[in-house]
Amino acid sequence: MPYIAQVAIGRREKISVYGNDYKTPDGTGYRDYVHVMDLADGHLKAVDHILGDNRNGIHIFNLGSGKGNTVLEVIKAFSEASGKDIPYEIAGRRKGDVDSLYASCDLAEKVLGWKSCKTLEDMCRDMWNWQTKNP
């Protein structure tokens, strides 16, 4: 998302979309995007868990939205949030990229009581707000 914001603010000419032949609704990669404030809240919940009574050992939790969006969906959402056209070009796939990648956050919800709350639209709006203040 930072690269998309940099295109919207004029620091970059366009965004490269790596591949459009994935088995996804629009052919672009499907990824899990999580709002920075949700991520911060998840880390605070993890610290509370670590500091809780009778805690020891290693605990691993996935923090994410638990669902994905395609790259083109994110570009479109950012364009709507910013009111700017986001030029992009389709580039070749990068070695190792997979069709979709998103987190299962069930354990974080069950043990930590954490679940992401912010939407893709929230992420784009807040990123644009930050980017306009930090061009």
# chains A, B, ... in the order shown; residues from 1 in each chain; ligands from 1
call {"tool": "residues_around", "arguments": {"residues": "Ala81 of chain A", "least_positions_apart": "2", "cutoff": "9 Å", "atoms": "only C-alpha atoms", "output": "list in words"}}
result
Lys76, Ala77, Phe78, Ser79, Gly83, Lys84, Glu121, Asp122, Cys124, Arg125, Asp126 and Trp128 of chain A
call {"tool": "closest_atom_pairs", "arguments": {"of": "segment 56-90 of chain A", "to": "segment 4-14 of chain A", "cutoff": "6 Å", "atoms": "only C-alpha atoms", "output": "JSON lines"}}
result
{"residue": "A:Ile86", "atom": "CA", "partner": "A:Ala8", "partner_atom": "CA", "distance": 6.0}
{"residue": "A:Pro87", "atom": "CA", "partner": "A:Lys14", "partner_atom": "CA", "distance": 4.9}
{"residue": "A:Tyr88", "atom": "CA", "partner": "A:Lys14", "partner_atom": "CA", "distance": 4.9}
call {"tool": "select_by_dssp", "arguments": {"residues": "chain A", "states": "strand (DSSP E)", "output": "PyMOL selection string"}}
result
chain A and resi 15-18+30-31+69-70+88-91+100-101
call {"tool": "closest_residue", "arguments": {"among": "A:Asn62, A:Gln131, A:Thr119, A:Asn56", "to": "Val74 of chain A", "atoms": "only C-alpha atoms"}}
result
A:Thr119
call {"tool": "residues_around", "arguments": {"residues": "Met37 of chain A", "least_positions_apart": "3", "cutoff": "9 Å", "atoms": "only C-alpha atoms", "output": "PyMOL selection string"}}
result
chain A and resi 34+40-42+116+118
call {"tool": "write_last_selection", "arguments": {"atoms": "N, CA and C atoms", "output": "compact mmCIF listing (two decimals), in the first residue's frame"}}
result
# COMPACT_ATOMS: atom_id res chain seq x y z
N VAL A 34 -3.91 -5.73 6.56
CA VAL A 34 -4.41 -5.44 7.91
C VAL A 34 -4.03 -4.00 8.25
N ALA A 40 -1.37 -3.05 15.78
CA ALA A 40 -0.88 -2.56 17.07
C ALA A 40 -1.72 -3.12 18.21
N ASP A 41 -3.04 -3.15 18.04
CA ASP A 41 -3.92 -3.70 19.06
C ASP A 41 -3.63 -5.19 19.29
N GLY A 42 -3.38 -5.92 18.21
CA GLY A 42 -3.03 -7.33 18.34
C GLY A 42 -1.75 -7.55 19.12
N SER A 116 -9.30 -8.39 13.81
CA SER A 116 -9.20 -7.10 13.11
C SER A 116 -10.59 -6.50 12.94
N LYS A 118 -10.88 -3.06 11.28
CA LYS A 118 -10.85 -2.06 10.21
C LYS A 118 -11.02 -2.71 8.84
call {"tool": "atom_distance", "arguments": {"atom1": "atom CA of Val36 of chain A", "atom2": "atom CA of Lys115 of chain A"}}
result
12.9 Å
